[in-house]
Structure formats: C-alpha cells, structure tokens
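Dumped structure_4.tsv below, it's TSV, C-alpha atoms:
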```tsv
chain	number	residue	atom	x	y	z
A	1	MET	CA	8.99	4.06	-18.61
A	2	ALA	CA	12.15	6.06	-19.13
A	3	TYR	CA	13.73	8.15	-16.40
A	4	SER	CA	14.71	11.69	-17.29
A	5	ASN	CA	18.40	12.58	-17.36
A	6	LYS	CA	18.03	14.64	-14.22
A	7	VAL	CA	16.56	11.69	-12.33
A	8	ILE	CA	19.39	9.46	-13.50
A	9	ASP	CA	21.96	12.09	-12.55
A	10	HIS	CA	20.57	12.42	-9.02
A	11	TYR	CA	20.24	8.67	-8.74
A	12	GLU	CA	23.80	7.98	-9.84
A	13	ASN	CA	25.33	10.95	-8.02
A	14	PRO	CA	23.01	11.59	-5.13
A	15	ARG	CA	23.74	14.86	-3.33
A	16	ASN	CA	23.95	15.14	0.43
A	17	VAL	CA	23.56	11.50	1.38
A	18	GLY	CA	24.16	10.92	5.04
A	19	SER	CA	22.85	11.98	8.39
A	20	LEU	CA	23.11	14.82	10.91
A	21	PRO	CA	23.10	14.42	14.70
A	22	LYS	CA	19.49	13.78	15.59
A	23	GLU	CA	19.80	15.19	19.11
A	24	ASP	CA	21.16	18.56	18.00
A	25	PRO	CA	18.49	21.20	18.83
A	26	ASN	CA	19.20	22.91	15.50
A	27	VAL	CA	18.63	19.74	13.51
A	28	GLY	CA	15.18	18.73	12.33
A	29	THR	CA	14.56	15.15	11.23
A	30	GLY	CA	11.75	13.93	9.00
A	31	LEU	CA	11.17	10.23	8.52
A	32	VAL	CA	8.36	9.39	6.11
A	33	GLY	CA	7.26	6.39	4.14
A	34	ALA	CA	5.11	5.46	1.20
A	35	PRO	CA	3.53	2.20	2.24
A	36	GLU	CA	2.05	1.67	-1.23
A	37	CYS	CA	5.50	0.98	-2.63
A	38	GLY	CA	7.46	0.29	0.55
A	39	ASP	CA	9.74	3.31	0.23
A	40	VAL	CA	11.17	5.01	3.29
A	41	MET	CA	12.86	8.42	3.31
A	42	LYS	CA	14.82	10.28	5.97
A	43	LEU	CA	15.55	13.96	5.48
A	44	GLN	CA	17.35	16.25	7.91
A	45	VAL	CA	17.99	19.98	8.02
A	46	LYS	CA	20.44	21.93	10.15
A	47	VAL	CA	19.33	25.48	10.81
A	48	ASN	CA	21.73	28.27	11.69
A	49	PRO	CA	20.34	29.60	15.00
A	50	ASP	CA	21.51	33.16	14.26
A	51	THR	CA	20.21	33.59	10.74
A	52	GLY	CA	17.38	31.06	10.58
A	53	VAL	CA	18.86	29.80	7.33
A	54	ILE	CA	19.29	26.10	6.55
A	55	ASP	CA	23.05	25.50	6.53
A	56	ASP	CA	23.03	21.84	5.76
A	57	ALA	CA	20.63	19.16	4.60
A	58	LYS	CA	21.10	15.41	4.37
A	59	PHE	CA	18.97	12.52	3.27
A	60	LYS	CA	18.89	8.79	3.06
A	61	THR	CA	16.22	7.05	1.03
A	62	PHE	CA	15.48	3.40	0.48
A	63	GLY	CA	13.31	3.20	-2.57
A	64	CYS	CA	13.11	3.66	-6.30
A	65	GLY	CA	15.22	5.99	-8.43
A	66	SER	CA	12.58	8.70	-8.45
A	67	ALA	CA	12.31	8.70	-4.66
A	68	ILE	CA	16.08	8.99	-4.34
A	69	ALA	CA	16.24	11.74	-6.95
A	70	SER	CA	13.34	13.65	-5.35
A	71	SER	CA	14.99	13.67	-1.93
A	72	SER	CA	18.42	14.44	-3.35
A	73	LEU	CA	17.02	17.44	-5.21
A	74	ALA	CA	15.10	18.54	-2.11
A	75	THR	CA	18.29	18.68	-0.03
A	76	GLU	CA	19.98	20.75	-2.74
A	77	TRP	CA	17.11	23.20	-2.74
A	78	LEU	CA	16.88	23.40	1.04
A	79	LYS	CA	20.41	24.66	1.58
A	80	GLY	CA	20.50	28.45	1.85
A	81	LYS	CA	16.74	28.75	2.34
A	82	THR	CA	15.05	30.03	5.47
A	83	VAL	CA	12.70	27.69	7.29
A	84	ASP	CA	9.65	29.45	5.84
A	85	GLU	CA	11.06	29.42	2.32
A	86	ALA	CA	11.69	25.71	2.74
A	87	LEU	CA	8.04	25.12	3.60
A	88	ALA	CA	7.08	26.80	0.33
A	89	ILE	CA	8.73	24.02	-1.71
A	90	LYS	CA	5.94	22.11	-3.44
A	91	ASN	CA	5.99	18.62	-4.79
A	92	THR	CA	4.95	20.05	-8.15
A	93	ASP	CA	8.25	21.98	-8.27
A	94	ILE	CA	10.08	18.67	-7.91
A	95	VAL	CA	7.89	17.02	-10.54
A	96	ALA	CA	8.66	19.84	-12.97
A	97	GLU	CA	12.40	19.90	-12.29
A	98	LEU	CA	12.82	16.12	-12.63
A	99	SER	CA	10.13	15.64	-15.32
A	100	LEU	CA	8.58	12.87	-13.23
A	101	PRO	CA	5.91	10.81	-14.99
A	102	PRO	CA	2.45	10.59	-13.39
A	103	VAL	CA	3.11	7.17	-11.81
A	104	LYS	CA	6.08	8.65	-9.93
A	105	ILE	CA	4.41	11.77	-8.61
A	106	HIS	CA	3.97	10.11	-5.22
A	107	CYS	CA	7.77	10.17	-4.86
A	108	SER	CA	7.74	13.96	-5.02
A	109	VAL	CA	4.86	14.03	-2.52
A	110	LEU	CA	6.99	11.92	-0.22
A	111	ALA	CA	9.87	14.41	-0.54
A	112	GLU	CA	7.56	17.31	0.27
A	113	ASP	CA	6.22	15.39	3.26
A	114	ALA	CA	9.79	14.75	4.39
A	115	ILE	CA	10.65	18.46	4.20
A	116	LYS	CA	7.53	19.36	6.19
A	117	ALA	CA	8.28	16.66	8.76
A	118	ALA	CA	11.89	17.79	9.16
A	119	ILE	CA	10.95	21.46	9.55
A	120	GLY	CA	8.11	20.46	11.89
A	121	ASP	CA	10.55	18.50	14.04
A	122	TYR	CA	12.94	21.47	14.11
A	123	LYS	CA	10.15	23.86	15.06
A	124	LYS	CA	8.97	21.51	17.77
A	125	LYS	CA	12.46	21.46	19.26
A	126	GLN	CA	12.69	25.24	19.06
A	127	GLY	CA	9.17	25.63	20.44
A	128	LYS	CA	10.15	23.58	23.45
A	129	ALA	CA	13.12	25.89	24.00
A	130	ASP	CA	10.82	28.89	23.58
A	131	THR	CA	8.25	27.65	26.08
A	132	ALA	CA	11.04	26.98	28.53
A	133	GLN	CA	12.05	30.63	28.12
A	134	ALA	CA	8.46	31.78	28.31
A	135	THR	CA	7.95	30.09	31.64
A	136	ALA	CA	11.11	31.68	32.90
A	137	GLN	CA	10.08	35.14	31.74
A	138	PRO	CA	6.31	35.36	31.59
A	139	THR	CA	5.05	38.10	29.32
A	140	ALA	CA	1.70	39.83	29.47
B	1	MET	CA	-24.87	-1.64	0.31
B	2	SER	CA	-25.75	-5.26	-0.49
B	3	SER	CA	-29.45	-4.60	-0.01
B	4	GLU	CA	-29.10	-1.83	-2.56
B	5	THR	CA	-27.45	-4.08	-5.15
B	6	THR	CA	-30.13	-6.76	-4.91
B	7	HIS	CA	-32.72	-4.20	-5.97
B	8	THR	CA	-30.73	-3.15	-9.01
B	9	LEU	CA	-31.72	-4.98	-12.16
B	10	GLN	CA	-29.98	-6.43	-15.13
B	11	VAL	CA	-31.87	-6.96	-18.37
B	12	CYS	CA	-32.17	-10.29	-20.18
B	13	ARG	CA	-31.04	-9.88	-23.77
B	14	SER	CA	-33.04	-12.93	-24.81
B	15	CYS	CA	-36.52	-12.01	-23.56
B	16	GLY	CA	-36.06	-8.42	-22.42
B	17	GLY	CA	-37.19	-9.24	-18.90
B	18	GLY	CA	-35.58	-7.86	-15.79
B	19	ALA	CA	-33.55	-9.94	-13.39
B	20	PRO	CA	-31.93	-9.21	-10.01
B	21	LEU	CA	-28.28	-8.31	-10.21
B	22	ASP	CA	-27.04	-11.45	-8.49
B	23	VAL	CA	-28.69	-14.10	-10.63
B	24	HIS	CA	-27.00	-15.71	-13.61
B	25	PHE	CA	-29.99	-17.08	-15.50
B	26	CYS	CA	-33.12	-15.19	-16.51
B	27	PRO	CA	-35.99	-15.94	-14.11
B	28	GLN	CA	-38.45	-15.61	-17.03
B	29	CYS	CA	-36.90	-17.45	-19.98
B	30	THR	CA	-34.15	-19.35	-18.05
B	31	LYS	CA	-31.50	-18.30	-20.60
B	32	ILE	CA	-28.00	-17.42	-19.39
B	33	LEU	CA	-27.73	-13.67	-18.83
B	34	THR	CA	-25.16	-11.58	-20.65
B	35	LEU	CA	-22.54	-10.36	-18.21
B	36	GLY	CA	-23.44	-6.70	-18.18
B	37	ARG	CA	-24.36	-5.26	-14.84
B	38	HIS	CA	-23.35	-7.71	-12.23
B	39	GLY	CA	-22.66	-7.95	-8.54
B	40	ASP	CA	-19.29	-8.01	-6.84
B	41	PHE	CA	-17.26	-11.21	-6.44
B	42	PHE	CA	-18.98	-12.05	-3.16
B	43	SER	CA	-22.55	-11.77	-4.39
B	44	TYR	CA	-21.64	-13.32	-7.74
B	45	LEU	CA	-20.58	-16.42	-5.84
B	46	GLY	CA	-23.66	-16.23	-3.64
B	47	LEU	CA	-21.63	-15.42	-0.54
B	48	PRO	CA	-21.99	-12.76	2.16
B	49	ARG	CA	-19.41	-9.98	2.12
B	50	LYS	CA	-17.46	-11.52	4.97
B	51	LEU	CA	-13.77	-12.11	5.48
B	52	ALA	CA	-13.96	-15.39	7.37
B	53	LEU	CA	-15.55	-17.07	4.39
B	54	ASP	CA	-16.84	-20.57	4.67
B	55	THR	CA	-14.28	-22.07	2.28
B	56	ALA	CA	-16.27	-25.26	1.80
B	57	GLN	CA	-19.21	-23.12	0.70
B	58	LEU	CA	-16.95	-21.13	-1.60
B	59	GLU	CA	-15.64	-24.32	-3.23
B	60	GLN	CA	-19.11	-25.76	-3.60
B	61	ASN	CA	-20.66	-22.61	-5.09
B	62	PHE	CA	-17.72	-22.25	-7.43
B	63	ARG	CA	-18.07	-25.81	-8.69
B	64	THR	CA	-21.82	-25.57	-9.13
B	65	LEU	CA	-21.61	-22.31	-11.07
B	66	SER	CA	-18.66	-23.54	-13.12
B	67	ARG	CA	-20.77	-26.43	-14.27
B	68	GLN	CA	-23.77	-24.23	-15.01
B	69	PHE	CA	-21.72	-21.76	-17.04
B	70	HIS	CA	-19.58	-24.32	-18.81
B	71	PRO	CA	-19.22	-23.46	-22.52
B	72	ASP	CA	-19.78	-27.12	-23.46
B	73	TYR	CA	-23.43	-26.76	-22.46
B	74	PHE	CA	-23.83	-23.81	-24.81
B	75	TYR	CA	-22.34	-25.49	-27.85
B	76	ASN	CA	-25.62	-25.31	-29.75
B	77	ALA	CA	-26.90	-22.08	-28.22
B	78	THR	CA	-27.07	-18.64	-29.84
B	79	PRO	CA	-23.81	-16.68	-30.21
B	80	ALA	CA	-24.99	-14.29	-27.48
B	81	GLU	CA	-25.51	-17.15	-25.06
B	82	ARG	CA	-22.17	-18.72	-25.99
B	83	ARG	CA	-20.46	-15.42	-25.27
B	84	ALA	CA	-22.38	-15.04	-22.01
B	85	SER	CA	-21.23	-18.49	-20.89
B	86	LEU	CA	-17.61	-17.59	-21.60
B	87	GLU	CA	-17.85	-14.23	-19.87
B	88	ARG	CA	-19.63	-15.67	-16.84
B	89	SER	CA	-17.04	-18.48	-16.59
B	90	SER	CA	-14.16	-16.07	-16.81
B	91	TYR	CA	-15.61	-13.66	-14.22
B	92	LEU	CA	-16.35	-16.64	-11.99
B	93	ASN	CA	-12.72	-17.76	-12.15
B	94	ASP	CA	-11.52	-14.26	-11.26
B	95	ALA	CA	-13.94	-14.13	-8.35
B	96	TYR	CA	-12.91	-17.54	-7.08
B	97	ARG	CA	-9.18	-16.86	-7.34
B	98	THR	CA	-9.56	-13.53	-5.56
B	99	LEU	CA	-11.74	-14.75	-2.70
B	100	ARG	CA	-9.85	-17.99	-2.12
B	101	GLN	CA	-6.77	-16.23	-0.69
B	102	PRO	CA	-7.36	-14.39	2.59
B	103	THR	CA	-5.08	-11.51	1.60
B	104	SER	CA	-6.53	-10.88	-1.83
B	105	ARG	CA	-9.98	-11.26	-0.23
B	106	ILE	CA	-9.23	-8.38	2.15
B	107	GLU	CA	-7.78	-6.29	-0.67
B	108	TYR	CA	-10.85	-6.94	-2.76
B	109	LEU	CA	-13.21	-6.07	0.08
B	110	LEU	CA	-11.38	-2.76	0.56
B	111	THR	CA	-11.70	-2.08	-3.16
B	112	VAL	CA	-15.44	-2.72	-3.34
B	113	GLU	CA	-15.90	-0.71	-0.16
B	114	GLY	CA	-14.19	2.21	-1.85
B	115	MET	CA	-10.90	2.15	0.06
B	116	PRO	CA	-8.46	0.39	-2.30
B	117	VAL	CA	-5.02	-0.40	-0.90
B	118	GLY	CA	-3.17	0.37	-4.10
B	119	GLY	CA	-5.20	3.47	-4.76
B	120	ASP	CA	-4.07	7.03	-5.01
B	121	GLY	CA	-3.57	7.21	-1.28
B	122	ALA	CA	-0.63	9.60	-1.50
B	123	GLY	CA	-0.16	10.93	1.99
B	124	GLY	CA	-3.51	9.46	2.96
B	125	THR	CA	-2.16	6.96	5.43
B	126	GLN	CA	0.42	7.43	8.08
B	127	VAL	CA	2.50	4.43	8.96
B	128	PRO	CA	3.29	4.44	12.68
B	129	ALA	CA	6.63	6.13	13.39
B	130	SER	CA	7.92	3.10	15.25
B	131	LEU	CA	7.45	0.89	12.18
B	132	LEU	CA	9.11	3.48	9.93
B	133	GLU	CA	12.10	3.62	12.24
B	134	GLU	CA	12.33	-0.13	12.30
B	135	VAL	CA	12.10	-0.29	8.52
B	136	PHE	CA	14.76	2.36	8.15
B	137	ALA	CA	17.17	0.72	10.59
B	138	LEU	CA	16.75	-2.67	8.95
B	139	ASN	CA	17.35	-1.22	5.52
B	140	GLU	CA	20.58	0.30	6.81
B	141	GLU	CA	21.54	-3.06	8.24
B	142	LEU	CA	20.88	-4.67	4.86
B	143	ASP	CA	23.04	-2.02	3.20
B	144	GLU	CA	25.89	-2.73	5.57
B	145	VAL	CA	25.65	-6.44	4.96
B	146	ARG	CA	25.78	-5.79	1.22
B	147	GLU	CA	28.89	-3.70	1.74
B	148	MET	CA	30.50	-6.41	3.86
B	149	ARG	CA	29.80	-8.94	1.15
B	150	GLY	CA	31.04	-6.56	-1.50
B	151	GLY	CA	34.26	-6.30	0.50
B	152	GLY	CA	34.58	-10.08	0.42
B	153	ALA	CA	33.50	-10.83	3.99
B	154	ALA	CA	32.96	-14.49	4.82
B	155	ALA	CA	29.46	-15.88	5.22
B	156	GLU	CA	30.08	-16.56	8.92
B	157	GLN	CA	30.41	-12.82	9.41
B	158	TRP	CA	27.31	-11.53	7.69
B	159	LYS	CA	24.88	-14.44	7.91
B	160	PRO	CA	24.34	-14.21	11.68
B	161	ARG	CA	23.70	-10.49	11.30
B	162	LEU	CA	21.02	-11.09	8.73
B	163	GLU	CA	19.45	-13.82	10.82
B	164	ARG	CA	19.37	-11.44	13.78
B	165	ALA	CA	17.90	-8.68	11.65
B	166	ARG	CA	15.17	-10.98	10.47
B	167	ARG	CA	13.80	-11.88	13.88
B	168	PRO	CA	12.07	-8.62	14.87
B	169	ILE	CA	10.54	-8.19	11.46
B	170	GLU	CA	9.23	-11.73	11.52
B	171	ALA	CA	7.72	-11.06	14.92
B	172	ARG	CA	6.09	-7.98	13.39
B	173	ARG	CA	4.69	-10.05	10.59
B	174	ASP	CA	3.17	-12.56	13.00
B	175	ALA	CA	1.68	-9.80	15.14
B	176	HIS	CA	0.24	-8.31	11.97
B	177	ALA	CA	-1.35	-11.55	10.93
B	178	ALA	CA	-3.05	-11.75	14.33
B	179	GLU	CA	-4.28	-8.15	14.05
B	180	LEU	CA	-5.65	-8.78	10.58
B	181	GLN	CA	-7.51	-11.77	11.87
B	182	ALA	CA	-9.02	-9.83	14.78
B	183	LEU	CA	-10.09	-6.99	12.47
B	184	SER	CA	-11.57	-9.47	10.01
B	185	ALA	CA	-13.67	-10.98	12.80
B	186	GLU	CA	-14.77	-7.49	13.77
B	187	TRP	CA	-15.81	-6.76	10.19
B	188	ASP	CA	-17.80	-9.98	9.95
B	189	ALA	CA	-19.63	-9.16	13.18
B	190	LEU	CA	-20.57	-5.77	11.72
B	191	VAL	CA	-21.87	-7.39	8.52
B	192	GLU	CA	-23.87	-9.86	10.56
B	193	ARG	CA	-25.68	-7.24	12.56
B	194	GLY	CA	-26.13	-5.01	9.52
B	195	ALA	CA	-24.11	-2.14	10.94
B	196	GLY	CA	-24.15	1.18	9.10
B	197	PRO	CA	-21.28	2.86	7.21
B	198	ASP	CA	-20.24	4.93	10.24
B	199	ASP	CA	-19.48	1.75	12.17
B	200	ARG	CA	-17.88	0.03	9.20
B	201	ARG	CA	-15.55	2.77	8.14
B	202	PRO	CA	-13.09	2.68	11.06
B	203	VAL	CA	-12.71	-1.09	10.75
B	204	LEU	CA	-12.08	-0.80	7.02
B	205	ALA	CA	-9.57	1.99	7.63
B	206	ALA	CA	-7.73	-0.15	10.17
B	207	LEU	CA	-7.72	-3.11	7.77
B	208	ARG	CA	-6.32	-0.89	5.05
B	209	GLU	CA	-3.56	0.38	7.30
B	210	ARG	CA	-2.53	-3.14	8.25
B	211	MET	CA	-2.47	-4.12	4.58
B	212	LEU	CA	-0.24	-1.18	3.75
B	213	GLU	CA	2.15	-2.01	6.56
B	214	ARG	CA	2.35	-5.50	5.14
B	215	ASN	CA	4.09	-4.04	2.08
B	216	TYR	CA	6.92	-2.79	4.23
B	217	ILE	CA	7.25	-6.00	6.14
B	218	ASN	CA	7.14	-8.17	3.04
B	219	ASN	CA	9.61	-5.97	1.15
B	220	LEU	CA	12.07	-6.17	4.01
B	221	LEU	CA	11.73	-9.91	4.42
B	222	ALA	CA	12.11	-10.35	0.67
B	223	GLY	CA	15.28	-8.22	0.78
B	224	ILE	CA	16.70	-10.37	3.54
B	225	GLU	CA	15.79	-13.57	1.71
B	226	ARG	CA	17.43	-12.31	-1.47
B	227	GLU	CA	20.56	-11.45	0.46
B	228	LEU	CA	20.67	-14.87	2.11
B	229	ALA	CA	20.08	-16.69	-1.17
B	230	GLY	CA	22.40	-14.55	-3.31
```

In structure tokens, write the structure found in this file.
Amino acid sequence: MAYSNKVIDHYENPRNVGSLPKEDPNVGTGLVGAPECGDVMKLQVKVNPDTGVIDDAKFKTFGCGSAIASSSLATEWLKGKTVDEALAIKNTDIVAELSLPPVKIHCSVLAEDAIKAAIGDYKKKQGKADTAQATAQPTA
Amino acid sequence: MSSETTHTLQVCRSCGGGAPLDVHFCPQCTKILTLGRHGDFFSYLGLPRKLALDTAQLEQNFRTLSRQFHPDYFYNATPAERRASLERSSYLNDAYRTLRQPTSRIEYLLTVEGMPVGGDGAGGTQVPASLLEEVFALNEELDEVREMRGGGAAAEQWKPRLERARRPIEARRDAHAAELQALSAEWDALVERGAGPDDRRPVLAALRERMLERNYINNLLAGIERELAG
C-alpha cells in the first residue's frame, strides 16, 4: 500500500506537535485510542474566551503514518474555526484530503473522535463555569 | 446456537443422504463427507464451545480424527473422497492450532459469536481512560529514552528508566490475564447452564474489551523489549 504525498508530507513535517496546559479552562483535551491497532492520539484545542474561536491546536500521536497525518491535518483545520464549526469536521473530509485507503479509514475516525473529545472536554469545563454562575445568579 | 447447528444438514456426495453438520462420515454409506457445510472449530473437534477446554480431550480428539482423515487411507478411493480427506485434514489442523492456544481460542470464540476482535469496530469500543493515559505516558517515556540514546547517553542512564517503565505495564498484563481467566470461567458457566443470548452478550463484550486492551499492553511491552535489545 502506498501512502499519498499529503500523508507523507504530514508524517515527515507534522504540524502543531506538542501540548497545551491541560488545566487551562480554555483548553480542551481529547485522548483517544484505537485498540485494534494500538494507536493512541492526544489532541488539544485552545479557545479564545472572547471570540469562541480556536486559537491554537496541538496533537501528539503514537501510531502509524496515517494516524499521525490525520491528527496533524485536523489541528491545521481546527485553527481559526469556532467550536461548532470544529464539530462539523467529518472523518470523510480527512479521508478525502489525505486520499486514505479503506484500510486506513479508522485513522480518520480516530482523528474525528479526538476532535469531539477535545471539544467535549472544553465544553465540560465551560459548562462547569456556567453552572457556577447559574447558581450564583439564578434565572427564571 | 449449537442446538441450531446440529439440526442443520450436510449432504453426502456419495449416496445423496443427509448427515448432521458435525459428523465427518456419512451415517448411511460411511464414506467421508465432502467439506461443504460444516460446524465451527469446536463442534468439528467434538468439543463444547467452552474456553477452559479439556486439553487432553482436545489432543485425543485431534489425534483420532487425524487418523480417520489421513490421506493415506484414501489412496485407492474416488477423487472426491481423496479431496474430502485432504480438506477435512486441513480444516482439522486449523481447528486444532486455533483452539490449542488460550488466546486464539478466545479470539475464535468471539468471531463465531459474531463479535470479532479485529473486526470493523471503529469507535465501537472505548478503552478505559486510565489505560489510555498510561499508554500515552509510557509512549512518551519511550520517546524520551530513544532521544537519550540518540544523543549518545550511556546504558546506565536509560536502562533503569526503561525497567521502571516496564513494571506498571507488566502488572497490567498480569491483572489482565487474571480478568480474562475469570471471564472465561463465567462464559463456561453460561454455556453449561444453556444461558440465552441476553446473558451471554455482556460476557462476550467484556472478553472482547480485554482482548483489545491486550493489543495496547503487548505493543508497549514489545516497544520496551525492542528498545532494551537494540
């Protein structure tokens, strides 16, 4: 099986590798794994509290080239998107962009799961802040 | 499920008679049956679909059938019978190899029960977060050790780190083995009392999860071994 040029490019020059402070209330962290192949992927987003736009995204993936490329591409796409736009990213978009073969589609699924998990974690943190406010100022 | 398979028939190509799915020779004309419709590895070997297999029984049934199917006995038989003897021998060997190892036995059981481990389970199973975190941290540790070695660090510096990293994952592996054993016993008890699919499913699902987690654990341990050996 041959990797597409885009996969190789992301694999050799992965974008946005690294991590963001996990405790930051504006950072959402998604840690997901594909037990079938033993891959594990961490993806983080940092949301600008004023605009609701994702300012920064980082990832670290232990796995095959397609898993690394899928998460690298995902972080590129996430930057500049709002949280809701980010949730609209589908694994099929990643498959199309990277020309992933059928046996590697699960890598793109993993990336989509990681995005959802990261946004979910961010929302959970924000929701906690919101409920704290709600208790302080009950509304009808 | 097994009661259903015993009612299904295969057809003897020699005399046209019907035979239960789990027999190897035609009950009417005694000729070896072409390997067409057949049972799963368990029933083929005349064994219950249990995980704590009686290995002595497995060995004995394997030997008996091997002898019965042996192509030497079909030297003068019709081409169809000669082919049947080869096919039955080959399927028998597959069945024996698969059921002999406890791990491949569990994997096979999950496959015939419709929950294959290697299947298209994308997103179907969630590995516990604590295991994912452990896997992630250990992978980072492995990366750092690789960097140290790349930078020419002495073995006394990185070896103890790897040894330390190995301990928790080995403990995990042992705990897993114990869990697999407990679940296997649970499965066997269900088979024994003829429990229905609703009772069986959660046990199968738990077995499948443990098997998937094994991939992580084994990959990590293999990575550590490679690093230590390299």

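With all atoms listed in the file as the atoms that count, the minimum distance from Ala86 (chain A) to the choices A:Ala114, A:Leu100, A:Ile119, A:Ala69 is reached by A:Ile119.
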
Sorted by chain and rising residue number, list the residues of chain A at most 10 Å from chain B (counting all atoms listed in the file), each with its closest atom pair and distance in Å to one decimal, as a Markdown table.
```
| residue | atom | partner | partner_atom | distance |
| --- | --- | --- | --- | --- |
| A:Leu31 | CA | B:Leu132 | CA | 7.2 |
| A:Val32 | CA | B:Leu132 | CA | 7.1 |
| A:Gly33 | CA | B:Leu132 | CA | 6.7 |
| A:Ala34 | CA | B:Ala122 | CA | 7.6 |
| A:Pro35 | CA | B:Leu212 | CA | 5.3 |
| A:Glu36 | CA | B:Gly118 | CA | 6.1 |
| A:Cys37 | CA | B:Asn215 | CA | 7.0 |
| A:Gly38 | CA | B:Tyr216 | CA | 4.8 |
| A:Asp39 | CA | B:Tyr216 | CA | 7.8 |
| A:Val40 | CA | B:Phe136 | CA | 6.6 |
| A:Met41 | CA | B:Phe136 | CA | 8.0 |
| A:Lys42 | CA | B:Phe136 | CA | 8.2 |
| A:Lys60 | CA | B:Phe136 | CA | 9.2 |
| A:Thr61 | CA | B:Phe136 | CA | 8.6 |
| A:Phe62 | CA | B:Asn139 | CA | 7.1 |
| A:Val103 | CA | B:Asp120 | CA | 9.9 |
| A:Ile105 | CA | B:Ala122 | CA | 9.0 |
| A:His106 | CA | B:Ala122 | CA | 5.9 |
| A:Cys107 | CA | B:Ala122 | CA | 9.1 |
| A:Val109 | CA | B:Ala122 | CA | 7.1 |
| A:Leu110 | CA | B:Gly123 | CA | 7.5 |
| A:Asp113 | CA | B:Gly123 | CA | 7.9 |
```

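Between CA of Asp22 (chain B) and CA of Ala95 (chain B) the interatomic distance comes to 13.4 Å.
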
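In this comparison, which uses only C-alpha atoms, the residue of A:Thr51, A:Ser99, A:Ser4, A:Thr29 approaching Lys125 (chain A) most closely is A:Thr29.
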
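Closest approach to Asp94 (chain B) among B:Tyr108, B:Tyr75, B:Phe69, B:Phe41 is made by B:Phe41 (distances from only C-alpha atoms).
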
Edge lengths and centre in Å to one decimal, as AutoDock Vina command-line options, of the axis-aligned box that encloses all listed atoms of region 21-35 of chain A with 8 Å added on every side?
```
--center_x 13.3 --center_y 12.6 --center_z 10.2 --size_x 35.6 --size_y 36.7 --size_z 33.9
```
